[in-house]
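Raw final10.cif, mmCIF, C-alpha atoms:
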```cif
data_entry
loop_
_atom_site.label_atom_id
_atom_site.label_comp_id
_atom_site.auth_asym_id
_atom_site.auth_seq_id
_atom_site.Cartn_x
_atom_site.Cartn_y
_atom_site.Cartn_z
CA MET A 1 -29.04 -20.38 -73.30
CA LYS A 2 -27.63 -16.88 -73.59
CA LEU A 3 -29.00 -16.08 -70.12
CA LEU A 4 -27.31 -19.19 -68.64
CA LYS A 5 -23.93 -18.20 -70.18
CA THR A 6 -24.31 -14.71 -68.79
CA LEU A 7 -25.01 -16.04 -65.28
CA LEU A 8 -22.00 -18.40 -65.44
CA VAL A 9 -19.67 -15.58 -66.50
CA ALA A 10 -20.99 -13.33 -63.73
CA ALA A 11 -20.56 -16.07 -61.14
CA THR A 12 -16.97 -16.71 -62.31
CA PHE A 13 -16.19 -13.00 -62.07
CA VAL A 14 -17.60 -12.72 -58.53
CA ALA A 15 -15.66 -15.80 -57.39
CA ALA A 16 -12.44 -14.43 -58.87
CA ALA A 17 -13.00 -11.08 -57.22
CA ALA A 18 -13.64 -12.76 -53.88
CA CYS A 19 -10.42 -14.78 -54.19
CA HIS A 20 -8.53 -11.62 -55.07
CA ARG A 21 -9.85 -9.87 -51.96
CA ALA A 22 -9.04 -12.85 -49.74
CA ALA A 23 -5.46 -13.22 -50.99
CA PRO A 24 -3.05 -10.68 -49.52
CA ASP A 25 -0.69 -8.68 -51.65
CA ALA A 26 2.76 -10.16 -52.05
CA GLY A 27 4.95 -9.15 -49.13
CA ALA A 28 1.99 -7.90 -47.05
CA GLU A 29 1.83 -9.03 -43.39
CA ILE A 30 -1.13 -11.20 -42.40
CA GLU A 31 -2.73 -10.03 -39.18
CA GLU A 32 -3.27 -12.78 -36.61
CA ALA A 33 -6.71 -13.17 -35.12
CA PRO A 34 -6.85 -11.92 -31.52
CA ARG A 35 -6.06 -14.68 -29.02
CA ASN A 36 -7.86 -15.45 -25.79
CA LEU A 37 -4.89 -15.09 -23.46
CA VAL A 38 -5.36 -16.34 -19.91
CA TYR A 39 -2.27 -16.14 -17.67
CA GLY A 40 -0.34 -15.51 -20.90
CA ILE A 41 -1.59 -18.83 -22.37
CA ASP A 42 -3.75 -19.14 -25.52
CA ALA A 43 -6.81 -20.60 -23.80
CA ASP A 44 -8.54 -21.32 -27.15
CA LEU A 45 -6.12 -24.22 -27.63
CA TYR A 46 -7.12 -25.93 -24.39
CA ARG A 47 -9.92 -27.22 -22.25
CA THR A 48 -9.59 -25.54 -18.87
CA GLN A 49 -10.62 -26.69 -15.42
CA GLU A 50 -10.58 -24.51 -12.31
CA GLY A 51 -10.26 -25.70 -8.74
CA GLU A 52 -9.28 -24.72 -5.21
CA ILE A 53 -6.52 -26.22 -3.08
CA ALA A 54 -8.16 -28.31 -0.35
CA THR A 55 -6.83 -28.58 3.20
CA GLY A 56 -3.97 -31.08 3.27
CA GLU A 57 -3.81 -31.29 -0.52
CA THR A 58 -0.43 -31.17 -2.27
CA LEU A 59 0.48 -29.93 -5.72
CA GLY A 60 1.95 -33.34 -6.49
CA GLY A 61 -1.38 -34.97 -5.72
CA ILE A 62 -3.23 -32.57 -8.01
CA LEU A 63 -0.77 -33.12 -10.86
CA ALA A 64 -1.00 -36.88 -10.46
CA ARG A 65 -4.79 -36.66 -10.92
CA TYR A 66 -4.17 -35.00 -14.29
CA GLY A 67 -1.86 -37.81 -15.38
CA VAL A 68 1.51 -36.14 -14.73
CA THR A 69 4.04 -38.90 -13.99
CA ALA A 70 5.91 -39.21 -10.72
CA ALA A 71 9.18 -38.63 -12.58
CA ALA A 72 7.87 -35.34 -14.06
CA ILE A 73 6.60 -34.21 -10.65
CA ASP A 74 10.02 -34.95 -9.14
CA ARG A 75 11.74 -32.94 -11.90
CA LEU A 76 9.34 -30.06 -11.28
CA ASP A 77 9.96 -30.20 -7.52
CA ARG A 78 13.72 -29.90 -8.05
CA ALA A 79 13.41 -27.21 -10.74
CA ALA A 80 10.99 -25.10 -8.67
CA LYS A 81 13.06 -24.93 -5.48
CA GLU A 82 14.53 -21.53 -6.36
CA GLU A 83 11.55 -19.97 -8.15
CA PHE A 84 8.62 -21.26 -6.12
CA PRO A 85 8.98 -24.33 -3.85
CA LEU A 86 5.98 -26.61 -4.32
CA ARG A 87 5.45 -26.78 -0.53
CA ASN A 88 4.49 -23.09 -0.61
CA ILE A 89 1.02 -23.75 -2.00
CA ARG A 90 -1.76 -22.97 0.48
CA ALA A 91 -5.27 -24.25 1.01
CA GLY A 92 -8.00 -21.98 -0.34
CA HIS A 93 -5.94 -20.69 -3.26
CA ARG A 94 -7.22 -21.25 -6.78
CA TYR A 95 -5.62 -23.10 -9.66
CA THR A 96 -6.42 -23.60 -13.36
CA ALA A 97 -5.49 -26.65 -15.44
CA PHE A 98 -4.91 -26.30 -19.22
CA ILE A 99 -5.65 -29.67 -20.84
CA HIS A 100 -4.57 -30.30 -24.44
CA GLU A 101 -7.00 -32.38 -26.48
CA ASP A 102 -6.60 -33.43 -30.11
CA SER A 103 -7.44 -36.43 -32.31
CA LEU A 104 -3.89 -37.77 -32.38
CA ASN A 105 -3.01 -37.88 -28.69
CA ALA A 106 -4.76 -38.67 -25.46
CA PRO A 107 -5.77 -35.60 -23.39
CA HIS A 108 -2.83 -34.41 -21.32
CA LEU A 109 -1.93 -31.49 -19.03
CA ASP A 110 0.24 -28.81 -20.60
CA TYR A 111 -0.01 -26.16 -17.85
CA LEU A 112 -1.24 -25.78 -14.31
CA VAL A 113 -1.48 -22.23 -12.95
CA TYR A 114 -1.49 -21.55 -9.20
CA GLU A 115 -2.64 -18.15 -7.88
CA SER A 116 -0.36 -17.20 -4.97
CA ASN A 117 -2.46 -14.07 -4.29
CA VAL A 118 -4.98 -11.81 -6.02
CA THR A 119 -2.40 -10.47 -8.48
CA ASP A 120 0.49 -12.97 -8.67
CA TYR A 121 0.52 -16.46 -10.12
CA VAL A 122 2.89 -19.30 -11.05
CA VAL A 123 2.68 -21.27 -14.31
CA PHE A 124 3.94 -24.86 -14.19
CA GLY A 125 4.50 -26.25 -17.69
CA PHE A 126 4.78 -29.86 -18.93
CA HIS A 127 5.98 -30.55 -22.48
CA ASP A 128 7.29 -33.99 -23.49
CA ASP A 129 10.03 -34.73 -20.94
CA SER A 130 10.66 -31.14 -19.87
CA VAL A 131 9.13 -28.98 -17.14
CA SER A 132 9.06 -25.19 -16.73
CA ILE A 133 8.18 -22.60 -14.07
CA ARG A 134 7.12 -19.01 -14.76
CA LYS A 135 6.08 -16.40 -12.20
CA ASP A 136 3.98 -13.48 -13.39
CA SER A 137 1.31 -10.98 -12.39
CA LYS A 138 -2.11 -10.16 -13.77
CA PRO A 139 -2.26 -6.84 -15.63
CA ALA A 140 -3.79 -4.07 -13.55
CA THR A 141 -5.59 -0.94 -14.64
CA VAL A 142 -5.23 2.29 -12.71
CA ARG A 143 -8.27 4.41 -11.99
CA ARG A 144 -8.19 7.89 -10.49
CA VAL A 145 -10.64 8.08 -7.59
CA LYS A 146 -12.01 10.88 -5.43
CA LYS A 147 -13.67 9.91 -2.16
CA SER A 148 -15.04 11.76 0.86
CA ALA A 149 -16.03 10.58 4.32
CA VAL A 150 -17.36 12.01 7.58
CA ILE A 151 -15.83 10.67 10.78
CA GLU A 152 -18.13 9.19 13.40
CA SER A 153 -15.53 7.75 15.77
CA SER A 154 -12.16 7.27 14.09
CA LEU A 155 -10.38 7.56 10.76
CA TRP A 156 -10.30 3.78 10.37
CA GLY A 157 -13.98 3.57 11.21
CA ALA A 158 -14.81 6.08 8.47
CA ILE A 159 -12.66 4.17 5.97
CA MET A 160 -14.46 0.92 6.79
CA LYS A 161 -17.93 2.49 6.73
CA GLU A 162 -17.38 3.93 3.24
CA LYS A 163 -15.75 0.66 2.08
CA LEU A 164 -12.57 2.44 1.04
CA PRO A 165 -9.21 0.64 0.72
CA TYR A 166 -7.70 0.04 4.16
CA ALA A 167 -4.33 1.23 2.82
CA LEU A 168 -5.87 4.66 2.35
CA ALA A 169 -6.11 5.15 6.13
CA ALA A 170 -2.39 4.45 6.49
CA GLU A 171 -1.59 6.87 3.64
CA ILE A 172 -3.66 9.64 5.20
CA GLU A 173 -2.02 9.09 8.59
CA ASP A 174 1.43 9.17 6.97
CA ILE A 175 0.70 12.40 5.11
CA TYR A 176 -0.83 14.22 8.09
CA GLN A 177 1.22 12.63 10.89
CA TRP A 178 2.94 15.95 11.71
CA SER A 179 -0.18 18.12 11.53
CA ILE A 180 -3.14 16.13 12.85
CA SER A 181 -3.42 14.18 16.08
CA PHE A 182 -5.60 11.23 15.11
CA PHE A 183 -6.21 10.60 18.81
CA ASP A 184 -8.09 13.90 19.01
CA ILE A 185 -10.27 13.74 15.91
CA GLN A 186 -13.93 14.35 16.69
CA LYS A 187 -17.28 13.27 15.31
CA GLY A 188 -18.04 15.47 12.32
CA ASP A 189 -14.43 15.86 11.16
CA ARG A 190 -14.18 14.89 7.49
CA PHE A 191 -11.82 14.41 4.59
CA THR A 192 -11.69 14.29 0.80
CA VAL A 193 -8.86 12.55 -1.02
CA VAL A 194 -7.89 11.99 -4.65
CA TYR A 195 -5.77 8.91 -5.33
CA ASP A 196 -4.96 6.21 -7.86
CA GLU A 197 -6.46 2.77 -7.27
CA ARG A 198 -5.30 -0.41 -9.02
CA PHE A 199 -7.81 -2.96 -10.30
CA ILE A 200 -7.58 -6.50 -11.66
CA ASP A 201 -10.15 -7.28 -14.36
CA ASP A 202 -11.33 -3.70 -13.83
CA THR A 203 -13.37 -4.80 -10.80
CA VAL A 204 -11.13 -6.25 -8.06
CA SER A 205 -9.21 -3.58 -6.10
CA VAL A 206 -5.63 -4.63 -5.41
CA GLY A 207 -4.20 -1.52 -3.76
CA ILE A 208 -3.71 2.19 -4.12
CA GLY A 209 -1.07 4.22 -5.86
CA ARG A 210 -0.19 7.88 -5.68
CA VAL A 211 -2.21 10.22 -3.50
CA TRP A 212 -2.74 13.31 -5.66
CA GLY A 213 -4.17 15.52 -2.95
CA ALA A 214 -6.27 15.63 0.19
CA ARG A 215 -8.33 17.99 2.33
CA PHE A 216 -8.85 17.17 6.01
CA THR A 217 -11.30 19.25 8.05
CA GLN A 218 -10.70 19.09 11.80
CA GLY A 219 -12.58 21.33 14.21
CA GLY A 220 -13.69 23.52 11.31
CA LYS A 221 -10.12 24.07 10.06
CA GLU A 222 -9.27 22.83 6.57
CA ILE A 223 -5.80 21.40 6.03
CA TYR A 224 -4.85 20.65 2.43
CA ALA A 225 -2.17 18.20 1.34
CA ILE A 226 -0.60 19.14 -2.01
CA PRO A 227 2.13 16.87 -3.43
CA PHE A 228 5.18 18.69 -4.75
CA ARG A 229 8.84 17.90 -5.17
CA GLN A 230 11.44 20.20 -3.64
CA GLY A 231 14.99 19.49 -2.60
CA GLY A 232 15.05 16.26 -4.56
CA LYS A 233 12.18 14.49 -2.75
CA ILE A 234 8.42 14.45 -2.73
CA GLN A 235 6.60 16.06 0.19
CA TYR A 236 3.09 17.26 0.92
CA TRP A 237 2.38 20.93 1.52
CA GLU A 238 -0.39 23.09 2.88
CA ALA A 239 -2.22 25.43 0.52
CA ASP A 240 -0.07 28.39 1.57
CA GLY A 241 3.17 26.54 0.77
CA LYS A 242 4.10 25.53 4.32
CA SER A 243 5.31 21.98 4.64
CA LEU A 244 3.02 19.48 6.35
CA ARG A 245 6.22 17.93 7.66
CA LYS A 246 6.98 19.40 11.08
CA GLN A 247 9.97 19.25 13.41
CA MET A 248 8.13 16.81 15.69
CA LEU A 249 5.55 14.10 15.01
CA LYS A 250 2.20 14.41 16.75
CA ALA A 251 2.62 10.95 18.32
CA PRO A 252 5.29 8.21 18.43
CA LEU A 253 2.97 5.35 17.43
CA LYS A 254 -0.21 4.52 15.51
CA TYR A 255 -3.47 2.64 15.87
CA THR A 256 -3.91 3.29 19.60
CA ARG A 257 -6.04 5.23 22.05
CA ILE A 258 -5.11 7.63 24.85
CA SER A 259 -5.72 5.96 28.20
CA SER A 260 -4.32 8.73 30.41
CA LYS A 261 -3.44 12.37 29.74
CA PHE A 262 -0.93 14.85 31.15
CA SER A 263 -1.84 15.79 34.72
CA TYR A 264 -0.33 16.98 38.00
CA ALA A 265 -2.99 15.13 40.02
CA ARG A 266 -3.80 11.75 38.52
CA LEU A 267 -5.04 8.81 40.58
CA HIS A 268 -2.29 6.23 40.10
CA PRO A 269 -3.84 2.97 38.81
CA VAL A 270 -1.51 0.81 40.95
CA HIS A 271 -0.67 2.82 44.09
CA LYS A 272 -4.18 4.38 44.31
CA VAL A 273 -2.84 7.81 45.34
CA TYR A 274 -2.93 11.12 43.51
CA ARG A 275 0.41 12.08 42.02
CA PRO A 276 1.67 13.94 38.93
CA HIS A 277 1.64 12.11 35.61
CA THR A 278 3.62 14.38 33.33
CA GLY A 279 3.13 12.32 30.21
CA VAL A 280 0.53 10.74 27.96
CA ASP A 281 -0.33 7.04 28.05
CA PHE A 282 -1.08 5.44 24.70
CA ALA A 283 -2.81 2.08 25.17
CA ALA A 284 -1.64 -0.34 22.49
CA PRO A 285 -0.97 -4.06 22.06
CA LYS A 286 2.37 -5.39 23.23
CA GLY A 287 4.91 -5.18 20.42
CA THR A 288 3.36 -2.15 18.71
CA PRO A 289 6.24 -0.24 17.01
CA VAL A 290 7.38 3.01 18.67
CA HIS A 291 9.10 5.70 16.57
CA ALA A 292 11.26 8.71 17.36
CA VAL A 293 9.19 11.90 17.05
CA ALA A 294 12.18 13.97 15.88
CA ASP A 295 15.85 13.76 14.99
CA GLY A 296 18.04 13.43 18.05
CA VAL A 297 20.59 11.52 20.12
CA VAL A 298 19.82 8.71 22.60
CA VAL A 299 20.90 9.92 26.05
CA PHE A 300 19.47 7.07 28.12
CA LYS A 301 18.65 3.44 27.43
CA GLY A 302 17.94 1.12 30.33
CA TRP A 303 15.79 0.31 33.33
CA GLY A 304 13.86 3.29 34.62
CA GLY A 305 12.45 1.85 37.84
CA GLY A 306 8.66 2.14 37.72
CA GLY A 307 8.99 3.18 34.08
CA GLY A 308 10.47 -0.19 33.16
CA ASN A 309 12.49 -0.28 29.96
CA THR A 310 13.01 3.40 29.20
CA LEU A 311 14.49 5.38 26.33
CA LYS A 312 15.29 9.11 26.36
CA ILE A 313 16.25 11.14 23.30
CA LYS A 314 17.70 14.67 23.21
CA HIS A 315 16.51 16.90 20.36
CA ALA A 316 17.20 20.41 19.05
CA ASN A 317 15.85 23.49 20.84
CA ASN A 318 16.61 22.01 24.27
CA MET A 319 13.85 19.40 23.86
CA GLN A 320 13.92 15.84 25.19
CA THR A 321 11.46 12.96 24.83
CA GLY A 322 10.98 9.83 26.92
CA TYR A 323 9.46 6.44 26.07
CA LEU A 324 8.55 4.25 29.08
CA HIS A 325 7.37 0.66 29.77
CA LEU A 326 8.86 -0.66 26.52
CA SER A 327 8.88 -4.42 25.99
CA GLY A 328 12.17 -4.06 24.12
CA PHE A 329 14.43 -1.77 22.14
CA ALA A 330 14.92 -1.72 18.38
CA LYS A 331 18.09 -3.16 16.91
CA GLY A 332 21.01 -0.72 16.95
CA ILE A 333 19.52 1.59 19.59
CA ALA A 334 22.13 2.47 22.22
CA GLN A 335 23.22 5.45 24.27
CA GLY A 336 24.98 7.98 22.06
CA VAL A 337 23.36 6.76 18.83
CA ARG A 338 21.79 9.39 16.57
CA VAL A 339 18.23 8.64 15.43
CA GLN A 340 16.05 10.18 12.73
CA GLN A 341 12.44 11.29 12.87
CA GLY A 342 10.14 8.32 12.32
CA GLN A 343 12.88 5.75 13.03
CA LEU A 344 11.88 2.58 14.89
CA ILE A 345 13.28 2.78 18.43
CA GLY A 346 11.32 0.22 20.48
CA TYR A 347 8.11 -1.67 21.12
CA VAL A 348 5.15 -1.14 23.41
CA GLY A 349 5.22 -3.24 26.57
CA SER A 350 4.15 -3.37 30.21
CA THR A 351 7.49 -3.40 32.04
CA GLY A 352 7.93 -1.65 35.38
CA THR A 353 4.89 -0.51 37.34
CA SER A 354 2.08 -1.04 34.85
CA THR A 355 -1.40 -2.53 34.71
CA GLY A 356 -1.25 -3.43 31.01
CA PRO A 357 0.62 -2.78 27.75
CA HIS A 358 0.93 0.91 26.92
CA LEU A 359 3.47 3.59 26.09
CA ASP A 360 4.06 6.38 28.59
CA TYR A 361 5.32 9.19 26.33
CA ARG A 362 6.93 12.25 27.90
CA VAL A 363 8.41 15.54 26.70
CA TRP A 364 10.68 18.02 28.47
CA LYS A 365 11.82 21.47 27.37
CA GLY A 366 14.77 22.89 29.28
CA GLY A 367 14.28 20.10 31.81
CA LYS A 368 10.66 21.06 32.54
CA PRO A 369 7.87 18.59 31.61
CA ILE A 370 5.34 19.85 29.07
CA ASN A 371 2.13 18.35 27.73
CA PRO A 372 3.01 16.20 24.67
CA LEU A 373 -0.42 16.90 23.16
CA ALA A 374 0.12 20.66 23.22
CA ILE A 375 3.59 20.99 21.72
CA PRO A 376 3.86 23.80 19.15
CA SER A 377 5.87 22.42 16.25
CA GLU A 378 7.35 24.55 13.53
CA PRO A 379 7.17 23.31 9.92
CA THR A 380 10.29 22.54 7.97
CA GLU A 381 11.43 24.77 5.08
CA PRO A 382 8.48 26.14 3.04
CA ILE A 383 8.18 26.30 -0.73
CA THR A 384 11.06 28.37 -2.06
CA GLU A 385 10.50 31.48 -4.13
CA GLU A 386 11.90 29.85 -7.25
CA ASN A 387 9.32 27.06 -6.94
CA ARG A 388 6.42 29.26 -5.85
CA ALA A 389 4.82 29.83 -9.28
CA LEU A 390 4.91 26.14 -10.25
CA PHE A 391 3.63 25.11 -6.81
CA GLU A 392 0.67 27.51 -7.06
CA TYR A 393 -0.12 26.16 -10.54
CA VAL A 394 -0.23 22.63 -9.16
CA ARG A 395 -2.07 23.65 -6.00
CA ASP A 396 -4.86 25.50 -7.79
CA ARG A 397 -5.69 22.53 -9.99
CA ILE A 398 -5.55 19.96 -7.21
CA VAL A 399 -7.68 22.12 -4.91
CA ALA A 400 -10.17 22.58 -7.76
CA GLU A 401 -10.30 18.81 -8.24
CA LEU A 402 -10.86 18.24 -4.52
CA ASP A 403 -13.63 20.85 -4.61
CA GLY A 404 -15.23 19.25 -7.68
CA GLU A 405 -14.53 22.18 -9.96
CA VAL A 406 -12.31 20.54 -12.57
CA ASP A 407 -12.84 18.12 -15.46
CA ASP A 408 -10.53 15.42 -16.80
CA THR A 409 -8.71 17.78 -19.15
CA GLU A 410 -7.65 20.10 -16.31
CA ARG A 411 -6.39 17.53 -13.83
CA ILE A 412 -2.73 17.27 -12.93
CA THR A 413 -1.70 13.92 -14.40
CA ARG A 414 1.78 14.47 -15.83
CA LEU A 415 4.63 13.64 -13.52
CA ASP A 416 6.89 16.31 -14.99
CA SER A 417 4.27 18.96 -14.23
CA LEU A 418 4.32 17.94 -10.58
CA ARG A 419 8.03 17.23 -10.45
CA LEU A 420 7.01 13.93 -8.89
CA PRO A 421 9.33 10.90 -8.82
CA GLU A 422 8.05 7.37 -9.10
CA ARG A 423 5.74 5.98 -6.42
CA SER A 424 8.59 4.23 -4.57
CA GLU A 425 10.04 7.62 -3.62
CA ASN A 426 6.90 8.81 -1.84
CA PRO A 427 7.60 9.70 1.79
CA LYS A 428 6.64 7.41 4.62
#
```
If you convert what's in this file into structure tokens, what do you get?
Amino acid sequence: MKLLKTLLVAATFVAAAACHRAAPDAGAEIEEAPRNLVYGIDADLYRTQEGEIATGETLGGILARYGVTAAAIDRLDRAAKEEFPLRNIRAGHRYTAFIHEDSLNAPHLDYLVYESNVTDYVVFGFHDDSVSIRKDSKPATVRRVKKSAVIESSLWGAIMKEKLPYALAAEIEDIYQWSISFFDIQKGDRFTVVYDERFIDDTVSVGIGRVWGARFTQGGKEIYAIPFRQGGKIQYWEADGKSLRKQMLKAPLKYTRISSKFSYARLHPVHKVYRPHTGVDFAAPKGTPVHAVADGVVVFKGWGGGGGNTLKIKHANNMQTGYLHLSGFAKGIAQGVRVQQGQLIGYVGSTGTSTGPHLDYRVWKGGKPINPLAIPSEPTEPITEENRALFEYVRDRIVAELDGEVDDTERITRLDSLRLPERSENPK
């Protein structure tokens, strides 16, 4: 009997202690259990169904299948006109239905989420007699990446072979557009680049961010690209502090091939006679954008006979450039108008005497034609003396990272150390 009493007392004490531990102190905050948030919705409260928009299918038809009334669909259609018109849904895109089930009410749709692309989505909500629309984006993680590639035929080919983001090719061309002619790159040229890449669910790449540095080897010569801010804007610099930005671009357009080079005795493709061709032909699809290679003033816009639609721009140092066979001119381009380096001035065409769409690009110095592929171009202002020490600090660490001689603790990651603005201010 004494043993039984002892056991009962002990059991009572344990139970009381357990209750004491379970009950929070007065005034203490009770932590909520983590929620399973999907598209910002507590998915644990719902049964979910995923689907894909079929060809010819409408959002109204999908909602009707889930029991949403015609009146509610009409209210949603009117409410969504400004945020996301329902007619904008496209076949092949995914959607997720959040169905509320409990013992008191019949199952009903509370939310339907439509993915407009890999990152962005729209949440359509249905509660009693009201509807709601919310646009949002999936959270992305940023991962710092270093990649290298050897070129077999072209920069884009190397990017595709290594399965790198396509946007990286455009970034590299933008950074090196004054220093490297991507029409002349050879098999065996190579590059290494360090950049930020954005991922959804830590696995799906959705784009790149800042390029922290690059090294491009062309013909045995290494050209570094070091980001640094001077004069209020971000630019990329060579290892010795010279700007990669030059007075003239290497070419007035991208994504093309050279179909004819500078020559004083070229067999004309139409007239079949040998005559001078004091320019470079860039074969490109009709409509390909053409950009001014340097700051200047338009001195001629019009019909150039065999050159078709022609534009001529006068630049500093007694230089002049010409752009022939254009299909059209960019808006605002007229004789006497001042243009800036990289500004859109026209579009590739096949006007005049031409066998197909291409740009005939010409350069004159002092009125004498010169080979556009052999123009010496001076860099813009180098790193100033007051910025030299900070630039060298940044350069040494980025070069070490490109060379594989730095760990995570030594990388340049702080924007104030680099004097870098936000991504939107990066040069293009």
So how far away is atom CA of A:Ile226 from atom CA of A:Leu164, in Å? 20.8 Å
For the PyMOL selection byres ((chain A and resi 382) around 8), applied here, can you spell out every residue it catches as a PDB file with C-alpha atoms, in the coordinates of the input?
```pdb
ATOM      1  CA  GLY A 241       3.170  26.540   0.770  1.00  0.00           C
ATOM      2  CA  LYS A 242       4.100  25.530   4.320  1.00  0.00           C
ATOM      3  CA  SER A 243       5.310  21.980   4.640  1.00  0.00           C
ATOM      4  CA  PRO A 379       7.170  23.310   9.920  1.00  0.00           C
ATOM      5  CA  THR A 380      10.290  22.540   7.970  1.00  0.00           C
ATOM      6  CA  GLU A 381      11.430  24.770   5.080  1.00  0.00           C
ATOM      7  CA  ILE A 383       8.180  26.300  -0.730  1.00  0.00           C
ATOM      8  CA  THR A 384      11.060  28.370  -2.060  1.00  0.00           C
TER       9      THR A 384
END
```
Quick one: residues within 7 Å of stretch 166-179 of chain A, all atoms listed in the file counted, chain neighbours fewer than 6 positions away excluded, as a ChimeraX atom specification? /A:155-156,159,236,244-246,248-250,428
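Note on the selection: in this file the PyMOL selection byres ((chain A and resi 99) around 10) comes out as Ala43, Leu45, Tyr46, Arg47, Thr48, Gln49, Tyr66, Thr96, Ala97, Phe98, His100, Glu101, Pro107, His108, Leu109, Asp110, Tyr111 and Leu112 of chain A.
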Write a file of the just-selected residues containing C-alpha atoms, as a PDB file, keeping the file's coordinate frame.
```pdb
ATOM      1  CA  ALA A  43      -6.810 -20.600 -23.800  1.00  0.00           C
ATOM      2  CA  LEU A  45      -6.120 -24.220 -27.630  1.00  0.00           C
ATOM      3  CA  TYR A  46      -7.120 -25.930 -24.390  1.00  0.00           C
ATOM      4  CA  ARG A  47      -9.920 -27.220 -22.250  1.00  0.00           C
ATOM      5  CA  THR A  48      -9.590 -25.540 -18.870  1.00  0.00           C
ATOM      6  CA  GLN A  49     -10.620 -26.690 -15.420  1.00  0.00           C
ATOM      7  CA  TYR A  66      -4.170 -35.000 -14.290  1.00  0.00           C
ATOM      8  CA  THR A  96      -6.420 -23.600 -13.360  1.00  0.00           C
ATOM      9  CA  ALA A  97      -5.490 -26.650 -15.440  1.00  0.00           C
ATOM     10  CA  PHE A  98      -4.910 -26.300 -19.220  1.00  0.00           C
ATOM     11  CA  HIS A 100      -4.570 -30.300 -24.440  1.00  0.00           C
ATOM     12  CA  GLU A 101      -7.000 -32.380 -26.480  1.00  0.00           C
ATOM     13  CA  PRO A 107      -5.770 -35.600 -23.390  1.00  0.00           C
ATOM     14  CA  HIS A 108      -2.830 -34.410 -21.320  1.00  0.00           C
ATOM     15  CA  LEU A 109      -1.930 -31.490 -19.030  1.00  0.00           C
ATOM     16  CA  ASP A 110       0.240 -28.810 -20.600  1.00  0.00           C
ATOM     17  CA  TYR A 111      -0.010 -26.160 -17.850  1.00  0.00           C
ATOM     18  CA  LEU A 112      -1.240 -25.780 -14.310  1.00  0.00           C
TER      19      LEU A 112
END
```
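The residues returned by the PyMOL selection byres ((chain A and resi 284) around 12) for this structure are Pro252, Leu253, Lys254, Tyr255, Thr256, Arg257, Ile258, Ser259, Asp281, Phe282, Ala283, Pro285, Lys286, Gly287, Thr288, Pro289, Val290, His325, Leu326, Ser327, Tyr347, Val348, Gly349, Ser350, Gly356, Pro357, His358, Leu359 and Asp360 of chain A.
In this structure, atom CA of A:Asp201 sits 17.5 Å away from atom CA of A:Asp42.
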Could you tell me how far atom CA of A:Ile41 sits from atom CA of A:Val123, in Å to one decimal place? 9.4 Å
If you count only C-alpha atoms, which residues fall within 9 Å of A:Ala91, apart from same-chain ones fewer than 5 positions away, as a PDB file with C-alpha atoms, in the frame of the given file?
```
ATOM      1  CA  GLU A  52      -9.280 -24.720  -5.210  1.00  0.00           C
ATOM      2  CA  ILE A  53      -6.520 -26.220  -3.080  1.00  0.00           C
ATOM      3  CA  ALA A  54      -8.160 -28.310  -0.350  1.00  0.00           C
ATOM      4  CA  THR A  55      -6.830 -28.580   3.200  1.00  0.00           C
ATOM      5  CA  GLY A  56      -3.970 -31.080   3.270  1.00  0.00           C
ATOM      6  CA  GLU A  57      -3.810 -31.290  -0.520  1.00  0.00           C
TER       7      GLU A  57
END
```
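The residue that comes closest to A:Arg411, out of A:Trp212, A:Phe329, A:Gln335, A:Ala71 and on the basis of all atoms listed in the file, is A:Trp212.
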Go through A:Phe216, A:Tyr121, A:Tyr323, A:Trp303 and flag the residue nearest A:Glu238, using all atoms listed in the file for the distances. A:Phe216
Of the residues A:Tyr95, A:Ser132, A:Thr278, A:Ile62, which is the one nearest to A:Ala79, using all atoms listed in the file? A:Ser132
Would you list the contacts of A:Arg143 as a ChimeraX atom specification, taking every protein, DNA or RNA residue within 10 Å and counting all atoms listed in the file, but skipping same-chain residues closer than 3 positions in sequence? /A:140,146,195-199,202,205,208-209
So that I can check the surroundings of A:Ala330, please list as a VMD selection string every protein, DNA and RNA residue that reaches within 7 Å of it, counting all atoms listed in the file and ignoring chain neighbours fewer than 4 positions away. chain A and resid 344 to 346
Need the shell around A:Asp74: protein/DNA/RNA residues with any atom at most 12 Å away, counting all atoms listed in the file. Skip same-chain ones fewer than 2 positions apart. Format as a PyMOL selection string? chain A and resi 59-61+63-64+68-72+76-81+85-86+129-131
Listed atoms of stretch 128-144 of chain A, axis-aligned box, 3 Å per side: centre and edge lengths to one decimal in Å, as lines of an AutoDock Vina configuration file?
```
center_x = 1.2
center_y = -13.4
center_z = -17.0
size_x = 24.9
size_y = 48.6
size_z = 19.0
```
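Using only C-alpha atoms, the nearest neighbour of A:Arg75 within the list A:Asp396, A:Arg87, A:Phe126, A:Thr58 is A:Phe126.
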